[in-house]
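Notes for the one structure printed next.
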Protein chains: 2
Amino acid sequence: MRMAELSRLSGVPTATIKYYVREGLLPAGETTAPNQARYDQQHLDRLSLIRALREAAGLSIATIGRVLDAMDHDRPGAHPDYLTIAVAEMSEPLVVRDDEVDDYERARSDVREVIDELDWNVDQNSPGYDDAVRSIVAIHRYLPDLVAGPDELLPYGRAVRQLADSEISDDFDPAGDPVAALRFSVLGTALFEPLILALRKLAHVDRIRSTPAATWAKR
Amino acid sequence: MRMAELSRLSGVPTATIKYYVREGLLPAGETTAPNQARYDQQHLDRLSLIRALREAAGLSIATIGRVLDAMDHDRPGAHPDYLTIAVAEMSEPLVVRDDEVDDYERARSDVREVIDELDWNVDQNSPGYDDAVRSIVAIHRYLPDLVAGPDELLPYGRAVRQLADSEISDDFDPAGDPVAALRFSVLGTALFEPLILALRKLAHVDRIRSTPAATWAKR
DNA sequence: GAACAATGGATAGTGTCACTCTCCATTAAT
DNA sequence: ATTAATGGAGAGTGACACTATCCATTGTTC
């Protein structure tokens with residue numbers, strides 16, 4: 001197919017497709033003449049992946065570039081970790097100002113403690129590790145009255161562990177079709193994030209509405 | 001205190017503070033002369049809230065404006081729902097193109113079914129409802145091979161319900177100090193979101209690494 | 001009370017981001 | 001042969017979140 005059809009089938013304007021090619025997110029079509037190129041199903045798939053990461057997950061073009069790079073280069077199938085390398089690129093690197101080192105150290109040890117307690121087989125390079133540290137620092141900073149030590153973090157760990165168990169079923173076979181498994185990991189991580197946050201808000205509403213009326217009456 | 005001290009104590013540049021005042025996020029100081037104004041602890045608190053919503057939660061200035069407006073105007077204490085009205089402003093309104101109506105209807109009924117099954121006391125105006133619908137549509141669109149009907153959504157509902165129970169303890173008393181409770185609700189919702197997503201990624205890593213090696217060997 | 005710094009308010013400018021538009025020399029389609 | 005479409009390059013756009021500059025006052029210090 002050519003540009004116009006790729007655009008029509010994907011719903012992405014040609015100008016935007018050209019932009020993605022320039023940015024290295026999408027490989028150029030096979031050039032058949034100085035001003036002609038052919039695109040195929042792979043381009044369509046890639047475009048769909050880009051749009052999902054962009055629109056549904058809200059990742060920046062630069063971040064998507066890193067995720068796709070990792071997906072392209074990390075020899076799928078060699079080791080289960082290939083599934084996590086691309087996901088790790090979804091995060092911004094952690095930068096710590098000199099005067100904040102202590103806060104981050106404390107948060108880091110909190111995370112470590114939670115992981116130990118739950119007996120998780122993860123390390124400091126695992127995706128999410130630095131994000132967790134960053135979040136905890138922010139929580140301490142902006143909600144200083146809230147006690148948010150390892151004991152308070154554990155329920156979060158248990159809840160997401162339960163989630164992970166239901167998301168990744170026992171018969172999930174990453175070795176069967178490594179490319180599909182990788183795509184599934186990246187998209188599953190990204191697309192379900194807003195759903196989880198949305199449902200959590202709903203659960204909060206239910207929880208608050210379930211508070212005994214007496215609590216409200218004494219106002 | 002005056003501008004310079006407000007800036008020093010909050011760590012926010014004066015130019016930015018002035019910008020927040022212009023945008024209506026921060027009330028102007030009490031003017032004592034044509035070019036003099038006094039700020040107090042409330043300004044400092046508000047500024048901290050704005051920075052938390054901006055930096056840690058990633059909300060836009062416009063969204064923060066709506067959240068703060070709701071916090072200011074929704075007569076705290078009158079009813080438990082006051083805690084949710086400001087949170088609802090954290091979401092973008094749902095806009096549905098004509099050719100997508102069916103997809104959204106289907107997703108909406110999925111959400112309804114999950115809520116019924118879990119017996120949640122929420123309605124379509126509750127914060128998160130539209131977000132959940134939007135997410136499910138995106139999941140269907142970008143992961144069409146994945147079965148994501150009510151049955152598959154239930155584990156998410158159960159996990160966040162468990163979370164909500166641990167987050168909002170039985171002795172949480174929204175009527176005691178309504179303003180503090182409101183601030184706690186908004187910040188708690190926003191600040192813990194990235195933490196949950198980070199821990200979920202870690203749980204995924206653990207889950208994948210726990211996959212029996214045999215699955216990998218047959219590659 | 002004179003010199004100098006700081007203030008609040010208004011306005012304009014900056015850098016980033018994700019596109020989007022305009023050209024143009026070809027090439028395809030009719 | 002005419003008309004439309006193509007790919008590639010570069011410039012332009014609009015939103016966003018600040019940031020910088022002015023300036024007529026006011027505070028502060030000597």
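Residue numbering restarts at 1 for every chain of the structure tokens, chains are lettered A, B, ... in their displayed order, and ligands are numbered from 1 as they appear.
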
Counting only C-alpha atoms, which residues of chain A fall within 6 Å of chain B, and what is the closest atom pair for each with its distance in Å at one decimal, ordered by chain and rising number, as a Markdown table?
```
| residue | atom | partner | partner_atom | distance |
| --- | --- | --- | --- | --- |
| A:Trp120 | CA | B:Asp206 | CA | 5.5 |
| A:Asn121 | CA | B:Asp206 | CA | 5.0 |
| A:Val122 | CA | B:Asp206 | CA | 5.8 |
| A:Gly128 | CA | B:Ala198 | CA | 4.1 |
| A:Asp131 | CA | B:Ala198 | CA | 5.5 |
| A:Ala132 | CA | B:Leu195 | CA | 5.2 |
| A:Ser135 | CA | B:Leu195 | CA | 5.3 |
| A:Ala159 | CA | B:Ala159 | CA | 5.4 |
| A:Val160 | CA | B:Arg200 | CA | 5.0 |
| A:Arg161 | CA | B:Ala203 | CA | 5.2 |
| A:Ala164 | CA | B:His204 | CA | 5.6 |
| A:Ala175 | CA | B:Arg219 | CA | 5.4 |
| A:Leu195 | CA | B:Ala132 | CA | 5.2 |
| A:Ala198 | CA | B:Gly128 | CA | 4.1 |
| A:Arg200 | CA | B:Val160 | CA | 5.0 |
| A:Lys201 | CA | B:Gly128 | CA | 5.3 |
| A:Leu202 | CA | B:Gly128 | CA | 5.6 |
| A:Ala203 | CA | B:Arg161 | CA | 5.2 |
| A:His204 | CA | B:Ala164 | CA | 5.6 |
| A:Asp206 | CA | B:Asn121 | CA | 5.0 |
| A:Trp216 | CA | B:Ala175 | CA | 5.7 |
| A:Arg219 | CA | B:Ala175 | CA | 5.4 |
```

10 Å contact set for DA17 (chain D), only C-alpha atoms (C1' of nucleotides), chain neighbours under 3 positions out, as a ChimeraX atom specification
/B:16,19,60-61 /C:15-16

How would the residues just chosen look if you wrote them out with N, CA and C atoms (P, O5', C5', C4', C3', O3' and C1' of nucleotides) as an mmCIF file, in the first residue's frame?
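Contents of result.cif, as written:
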```
data_model
loop_
_atom_site.group_PDB
_atom_site.id
_atom_site.type_symbol
_atom_site.label_atom_id
_atom_site.label_comp_id
_atom_site.auth_asym_id
_atom_site.auth_seq_id
_atom_site.Cartn_x
_atom_site.Cartn_y
_atom_site.Cartn_z
ATOM 1 N N THR B 16 6.719 32.501 38.870
ATOM 2 C CA THR B 16 5.749 31.409 38.779
ATOM 3 C C THR B 16 4.580 31.646 39.724
ATOM 4 N N TYR B 19 2.351 33.999 38.201
ATOM 5 C CA TYR B 19 1.609 33.302 37.139
ATOM 6 C C TYR B 19 0.423 32.530 37.727
ATOM 7 N N SER B 60 -2.490 19.234 34.635
ATOM 8 C CA SER B 60 -2.263 20.510 33.945
ATOM 9 C C SER B 60 -2.764 21.654 34.812
ATOM 10 N N ILE B 61 -2.297 22.851 34.496
ATOM 11 C CA ILE B 61 -2.731 24.040 35.228
ATOM 12 C C ILE B 61 -4.249 24.196 35.168
ATOM 13 P P DG C 15 14.948 30.224 24.329
ATOM 14 O "O5'" DG C 15 14.394 28.778 24.658
ATOM 15 C "C5'" DG C 15 14.342 28.352 26.008
ATOM 16 C "C4'" DG C 15 13.500 27.107 26.091
ATOM 17 C "C3'" DG C 15 13.773 26.083 24.979
ATOM 18 O "O3'" DG C 15 13.873 24.813 25.608
ATOM 19 C "C1'" DG C 15 11.461 26.604 25.052
ATOM 20 P P DT C 16 14.358 23.542 24.786
ATOM 21 O "O5'" DT C 16 13.079 22.595 24.867
ATOM 22 C "C5'" DT C 16 12.327 22.545 26.077
ATOM 23 C "C4'" DT C 16 10.988 21.935 25.791
ATOM 24 C "C3'" DT C 16 11.010 20.813 24.743
ATOM 25 O "O3'" DT C 16 10.453 19.662 25.347
ATOM 26 C "C1'" DT C 16 9.223 22.334 24.335
#
```

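Selecting chain A residues within 12 Å of chain C and counting only C-alpha atoms (C1' of nucleotides) yields Arg2, Val12, Pro13, Thr14, Ala15, Thr16, Ile17, Lys18, Tyr19, Tyr20, Glu23, Thr32, Ala33, Pro34, Asn35, Gln36, Ala37, Arg54, Glu55, Leu59, Ser60, Ile61 and Ala62 of chain A.
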
Could you pull out all residues of region 34-218 of chain A with a DSSP call of alpha helix (DSSP H) and give them as a ChimeraX atom specification?
/A:41-51,61-73,82-88,101-118,129-142,150-167,178-209,213-217

CA of Asp116 (chain B) to CA of Val147 (chain B) measures 19.8 Å

Expected answer as a PyMOL selection string: chain D residues within 9 Å of chain B, only C-alpha atoms (C1' of nucleotides)
chain D and resi 16-20+24-26

Separation of CA of Leu182 (chain A) from CA of Tyr82 (chain A), in Å and rounded to one decimal
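Value for the CA of Leu182 (chain A)-CA of Tyr82 (chain A) distance: 7.7 Å.
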
Work out how far CA of Glu113 (chain A) is from CA of Pro150 (chain A), in Å to one decimal.
6.4 Å
